[in-house]
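**Student:** What follows is a structure written as structure tokens; I'll ask about it next.
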Amino acid sequence: MSSPPNPPAILTCALTGVLTDPRQHPVPVTPAQMAAEAREAFDAGASVMHVHLRAQAPGRGHLPSWDPDVAEDVVGAIRHACPGVIINLTTGVIGPDISGPAACLRRVRPEIAACNAGSLNYLKLKADGQWAWPPMVFDNPVAKVQQFLDVMAECGTHPEFECFDVGIVRSVAMYVQAGMLRPGMGRPELNFVMGVASGMPCDAELLALLPRWLPPQAVWQATLIGRAEIWPVHQRVAELGGMLRTGLEDTFYLPGGERAPGNGALIEALADCARRAGRAVATPDQARGMLGLPPAGPST
């Protein structure tokens, strides 16, 4: 009896991120720039666009924005450029006030939103032993996670649980068991974030252990942060059956070490990882089915 074929790989493009200064690196900021980068990634096989919002005033594009008008303009431009695309909106904020992300979720009602699933000491050390930034806590206590899940349930949005460490992966299984993921919100989806200096390292051997702690029926992907060294780990994600993500938020470098000209080239390299593992690249419709999302409507 032949074994079942490997499942198609959902490709996610993280278009711009929250930290990169567009005056130093060519990351998209405006709705037109975001839409153009999204279209290149979409043509290369990305069915999901992970969207961060930036301030639109001249000289302010290095700053995040929680303006619902900006969210509407950016998401609308991406949806127009990429018919049927799945929007995954960021929500990460420090502190207890989630009103900014909540307002953006309510305005654009994305199919998916990031749900940071646990707290992390967010640290980075420079070569001279000095902190790259003052040590900070990315605080995501259970009550805050529940607040986000409540807003996502209200908006018909599927949560993607962002897991920066092994204990956070295990916590998501408890959230599911405790009923925090409501019926109708799709299958549990976990994103293993690897490469943050104070979180999980980008390591293929560690990656292979993580799926054992997934909740039942879960889908998983990995966000890999770094340079060319991340690409063998992307290949391992594909071989293990995970979903794949990259983009200018996560890296500027292609597998050969050269700088990527944009998101499209990064997604092309990611699609190659899937195909080498014997997997097709999922269409947006296939991705919706795999994640338990409703079919695309006329507005998407």
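Simple scheme: letters A, B, ... for chains in structure tokens order, numbers from 1 for residues in each chain, numbers from 1 for ligands in the order shown.
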Where does DSSP see helix (DSSP H, G or I) in range 55-298 of chain A, if you list the residues as a PyMOL selection string?
**Tutor:** chain A and resi 68-81+99-108+142-155+166-177+204-213+228-240+263-276+284-291
**Student:** Give me the residues within 7 Å of Ala117 in chain A as an NGL selection string, counting only C-alpha atoms and dropping any in the same chain fewer than 4 places off.
**Tutor:** :A and (140 or 145 or 161-163 or 168 or 172)
**Student:** For the selection just defined, write its residues with N, CA and C atoms to a file, as a JSON list (two decimals), in the first residue's frame.
**Tutor:**
[["chain", "number", "residue", "atom", "x", "y", "z"],
["A", 140, "ASN", "N", 3.37, 38.75, 27.56],
["A", 140, "ASN", "CA", 2.15, 38.15, 27.02],
["A", 140, "ASN", "C", 1.58, 37.17, 28.04],
["A", 145, "VAL", "N", -3.36, 37.18, 26.40],
["A", 145, "VAL", "CA", -3.63, 36.24, 25.30],
["A", 145, "VAL", "C", -5.13, 36.06, 25.14],
["A", 161, "PHE", "N", -0.54, 31.13, 16.83],
["A", 161, "PHE", "CA", 0.16, 31.27, 18.10],
["A", 161, "PHE", "C", 1.67, 31.36, 17.86],
["A", 162, "GLU", "N", 2.24, 32.51, 18.23],
["A", 162, "GLU", "CA", 3.68, 32.74, 18.07],
["A", 162, "GLU", "C", 4.41, 32.20, 19.30],
["A", 163, "CYS", "N", 5.35, 31.29, 19.07],
["A", 163, "CYS", "CA", 6.03, 30.59, 20.18],
["A", 163, "CYS", "C", 7.53, 30.85, 20.09],
["A", 168, "ILE", "N", 6.58, 27.93, 25.70],
["A", 168, "ILE", "CA", 5.44, 28.59, 25.09],
["A", 168, "ILE", "C", 4.71, 27.62, 24.16],
["A", 172, "VAL", "N", 0.59, 26.46, 24.61],
["A", 172, "VAL", "CA", -0.51, 26.53, 23.64],
["A", 172, "VAL", "C", -1.40, 25.30, 23.75]]
**Student:** Report, in Å with one decimal, the straight-line distance from CA of Gly264 in chain A to CA of Ala81 in chain A.
**Tutor:**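 These two atoms are separated by 14.0 Å.
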**Student:** Write out as a list in words which residues come within 7 Å of range 187-195 of chain A when counting only C-alpha atoms, dropping same-chain ones fewer than 5 positions away.
**Tutor:**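 Those residues are Glu160, Phe161, Glu162, Cys163, Phe164, Met200, Pro201, Cys202, Gln217, Ala218, Val219, Trp220, Gln221, Ala222, Thr223, Leu224, Ile225, Gly226, Leu291 and Gly292 of chain A.
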**Student:** For a test of reading the model, state the distance in Å between CA of Arg170 in chain A and CA of Asp139 in chain A, rounded to one decimal.
**Tutor:**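 Distance between the two atoms: 17.2 Å.
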**Student:** Nearest to Ala269 in chain A: which of A:Pro232, A:Gly76, A:Gly186, A:Gly242 is it, counting only C-alpha atoms?
**Tutor:**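 Under the stated criterion, the closest residue is A:Pro232.
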**Student:** Fewer than 2 positions away in the same chain doesn't count, so skip those; otherwise give me all residues within 7 Å of range 29-46 of chain A, counting only C-alpha atoms, as a list of chain:residue names.
**Tutor:** A:Leu11, A:Thr12, A:Cys13, A:Val27, A:Val48, A:Met49, A:Arg54, A:Gln56, A:Gly61, A:Asp73, A:Val74, A:Ala77, A:Ile78, A:Ala81, A:Cys82, A:Asn263, A:Gly264, A:Ile267, A:Glu268, A:Ala271, A:Val281
**Student:** Using all heavy atoms, can you write the selected residues to a file as a short mmCIF file (atom, residue, chain, number, x, y, z; two decimals), in the first residue's frame?
**Tutor:**
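Output below, filename selection24.cif:
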data_model
loop_
_atom_site.label_atom_id
_atom_site.label_comp_id
_atom_site.auth_asym_id
_atom_site.auth_seq_id
_atom_site.Cartn_x
_atom_site.Cartn_y
_atom_site.Cartn_z
N LEU A 11 2.90 28.71 2.07
CA LEU A 11 3.99 29.69 2.14
C LEU A 11 3.45 31.02 2.64
O LEU A 11 2.47 31.54 2.10
CB LEU A 11 4.63 29.89 0.77
CG LEU A 11 5.15 28.66 0.01
CD1 LEU A 11 5.95 29.10 -1.20
CD2 LEU A 11 5.98 27.76 0.91
N THR A 12 4.10 31.56 3.67
CA THR A 12 3.76 32.87 4.23
C THR A 12 4.90 33.83 3.94
O THR A 12 6.08 33.50 4.13
CB THR A 12 3.54 32.78 5.75
OG1 THR A 12 2.38 32.01 6.01
CG2 THR A 12 3.37 34.16 6.37
N CYS A 13 4.56 35.03 3.51
CA CYS A 13 5.56 36.09 3.32
C CYS A 13 5.39 37.15 4.40
O CYS A 13 4.31 37.76 4.52
CB CYS A 13 5.41 36.73 1.95
SG CYS A 13 6.67 37.99 1.64
N VAL A 27 12.82 48.07 2.77
CA VAL A 27 11.59 47.37 3.16
C VAL A 27 10.39 48.23 2.77
O VAL A 27 10.45 49.46 2.81
CB VAL A 27 11.55 47.06 4.67
CG1 VAL A 27 12.65 46.07 5.04
CG2 VAL A 27 11.68 48.32 5.50
N VAL A 48 -0.22 33.50 1.99
CA VAL A 48 -0.47 34.27 3.22
C VAL A 48 0.51 35.43 3.27
O VAL A 48 1.71 35.25 3.03
CB VAL A 48 -0.30 33.39 4.48
CG1 VAL A 48 -0.61 34.21 5.74
CG2 VAL A 48 -1.17 32.15 4.41
N MET A 49 0.01 36.63 3.57
CA MET A 49 0.86 37.80 3.77
C MET A 49 0.78 38.22 5.23
O MET A 49 -0.30 38.58 5.73
CB MET A 49 0.41 38.97 2.87
CG MET A 49 0.44 38.67 1.39
SD MET A 49 2.08 38.30 0.77
CE MET A 49 1.63 37.46 -0.77
N ARG A 54 3.26 50.45 9.32
CA ARG A 54 4.24 51.50 9.62
C ARG A 54 3.58 52.87 9.53
O ARG A 54 2.63 53.08 8.77
CB ARG A 54 5.40 51.43 8.62
CG ARG A 54 6.16 50.12 8.58
CD ARG A 54 6.91 49.83 9.87
NE ARG A 54 7.85 48.74 9.71
CZ ARG A 54 9.14 48.88 9.39
NH1 ARG A 54 9.65 50.09 9.19
NH2 ARG A 54 9.92 47.82 9.29
N GLN A 56 2.98 56.48 8.26
CA GLN A 56 3.02 56.89 6.85
C GLN A 56 3.56 58.30 6.64
O GLN A 56 3.84 58.69 5.50
CB GLN A 56 1.62 56.78 6.26
CG GLN A 56 1.06 55.37 6.26
CD GLN A 56 1.86 54.41 5.40
OE1 GLN A 56 2.02 54.63 4.21
NE2 GLN A 56 2.37 53.34 6.01
N GLY A 61 8.62 56.25 8.64
CA GLY A 61 8.34 54.88 8.23
C GLY A 61 9.05 53.81 9.03
O GLY A 61 8.74 52.62 8.89
N ASP A 73 -5.92 50.90 4.54
CA ASP A 73 -5.27 51.25 3.28
C ASP A 73 -4.29 50.17 2.85
O ASP A 73 -4.25 49.77 1.68
CB ASP A 73 -4.56 52.59 3.40
CG ASP A 73 -5.51 53.77 3.50
OD1 ASP A 73 -6.72 53.59 3.20
OD2 ASP A 73 -5.05 54.87 3.88
N VAL A 74 -3.47 49.70 3.79
CA VAL A 74 -2.44 48.70 3.46
C VAL A 74 -3.09 47.37 3.10
O VAL A 74 -2.77 46.77 2.06
CB VAL A 74 -1.45 48.54 4.63
CG1 VAL A 74 -0.56 47.32 4.42
CG2 VAL A 74 -0.58 49.80 4.78
N ALA A 77 -4.96 47.51 -0.21
CA ALA A 77 -4.07 47.51 -1.37
C ALA A 77 -3.53 46.10 -1.65
O ALA A 77 -3.43 45.68 -2.80
CB ALA A 77 -2.92 48.49 -1.15
N ILE A 78 -3.19 45.37 -0.59
CA ILE A 78 -2.68 44.01 -0.78
C ILE A 78 -3.77 43.10 -1.33
O ILE A 78 -3.55 42.31 -2.26
CB ILE A 78 -2.13 43.45 0.55
CG1 ILE A 78 -0.88 44.24 0.97
CG2 ILE A 78 -1.81 41.96 0.43
CD1 ILE A 78 -0.39 43.90 2.37
N ALA A 81 -4.29 43.76 -4.97
CA ALA A 81 -3.18 43.29 -5.81
C ALA A 81 -3.12 41.77 -5.89
O ALA A 81 -2.60 41.24 -6.88
CB ALA A 81 -1.86 43.83 -5.27
N CYS A 82 -3.63 41.08 -4.88
CA CYS A 82 -3.48 39.63 -4.77
C CYS A 82 -4.84 38.99 -4.50
O CYS A 82 -5.15 38.65 -3.34
CB CYS A 82 -2.51 39.28 -3.64
SG CYS A 82 -0.92 40.12 -3.71
N ASN A 263 10.97 40.60 -1.50
CA ASN A 263 10.26 39.46 -0.94
C ASN A 263 10.03 38.34 -1.97
O ASN A 263 10.01 37.16 -1.60
CB ASN A 263 8.93 39.92 -0.37
CG ASN A 263 9.07 40.61 0.97
OD1 ASN A 263 9.41 39.99 1.96
ND2 ASN A 263 8.81 41.91 1.00
N GLY A 264 9.82 38.71 -3.23
CA GLY A 264 9.56 37.69 -4.24
C GLY A 264 10.67 36.67 -4.35
O GLY A 264 10.42 35.46 -4.44
N ILE A 267 10.60 34.23 -1.42
CA ILE A 267 9.54 33.23 -1.53
C ILE A 267 9.87 32.21 -2.61
O ILE A 267 9.57 31.01 -2.46
CB ILE A 267 8.19 33.91 -1.77
CG1 ILE A 267 7.79 34.75 -0.54
CG2 ILE A 267 7.10 32.88 -2.07
CD1 ILE A 267 7.63 33.95 0.75
N GLU A 268 10.51 32.63 -3.70
CA GLU A 268 10.95 31.65 -4.70
C GLU A 268 11.89 30.63 -4.09
O GLU A 268 11.77 29.42 -4.36
CB GLU A 268 11.63 32.38 -5.85
CG GLU A 268 10.68 33.15 -6.76
CD GLU A 268 11.43 33.95 -7.82
OE1 GLU A 268 12.67 33.81 -7.91
OE2 GLU A 268 10.77 34.71 -8.56
N ALA A 271 9.83 28.26 -1.93
CA ALA A 271 9.11 27.30 -2.74
C ALA A 271 10.03 26.18 -3.21
O ALA A 271 9.62 25.00 -3.29
CB ALA A 271 8.46 28.00 -3.93
N VAL A 281 3.31 23.52 -3.65
CA VAL A 281 3.05 24.78 -2.96
C VAL A 281 1.53 24.99 -2.93
O VAL A 281 0.87 24.93 -3.96
CB VAL A 281 3.74 25.95 -3.69
CG1 VAL A 281 3.31 27.28 -3.10
CG2 VAL A 281 5.26 25.78 -3.61
#
**Student:** So that I can check the surroundings of Ala197 in chain A, please list as an NGL selection string every protein, DNA and RNA residue that reaches within 9 Å of it, counting only C-alpha atoms and ignoring chain neighbours fewer than 4 positions away.
**Tutor:** :A and (122-125 or 201)
**Student:** Please identify all polymer residues within 9 Å of Leu105 in chain A, counting only C-alpha atoms, omitting same-chain residues fewer than 6 positions from it, and present them as a list in words.
**Tutor:**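 So the residues in contact are Pro68, Ala71, Leu89, Thr91, Ala113, Val151, Met152, Cys155 and Thr157 of chain A.
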**Student:** What does the distance from CA of Ala228 in chain A to CA of Val85 in chain A come to in Å, to one decimal?
**Tutor:**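 Value for the CA of Ala228 in chain A-CA of Val85 in chain A distance: 27.7 Å.
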**Student:** Need to verify the contact set: Glu111 in chain A, 9 Å, only C-alpha atoms, exclusion of same-chain residues closer than 3 positions in sequence. Can you return it as a ChimeraX atom specification?
**Tutor:** /A:86-89,155-159,293-294
**Student:** Using only C-alpha atoms, can you tell me which of A:Ser47, A:Pro141, A:Ala103, A:Trp231 comes closest to Ile10 in chain A?
**Tutor:** A:Ser47
**Student:** List every residue of range 222-264 of chain A that DSSP, applied to the backbone, labels as strand (DSSP E), and write the result as a VMD selection string.
**Tutor:** chain A and resid 222 to 224 243 to 246
**Student:** I'd like to know which of A:Ala280, A:Ala14, A:Val75, A:Ala9 is closest to Glu249 in chain A, using only C-alpha atoms.
**Tutor:**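 With only C-alpha atoms as the atom set, the closest residue is A:Ala14.
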**Student:** Measuring between only C-alpha atoms, which one of A:Ile94, A:Leu214, A:Leu207, A:Leu248 shows the shortest distance to Thr16 in chain A?
**Tutor:**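 Ranked by minimum distance to Thr16 in chain A, first place goes to A:Leu248.
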**Student:** Out of A:Val196, A:Gly184, A:Asn6, A:Arg109, which residue has the shortest atom-to-atom distance to Arg276 in chain A when counting only C-alpha atoms?
**Tutor:** A:Asn6
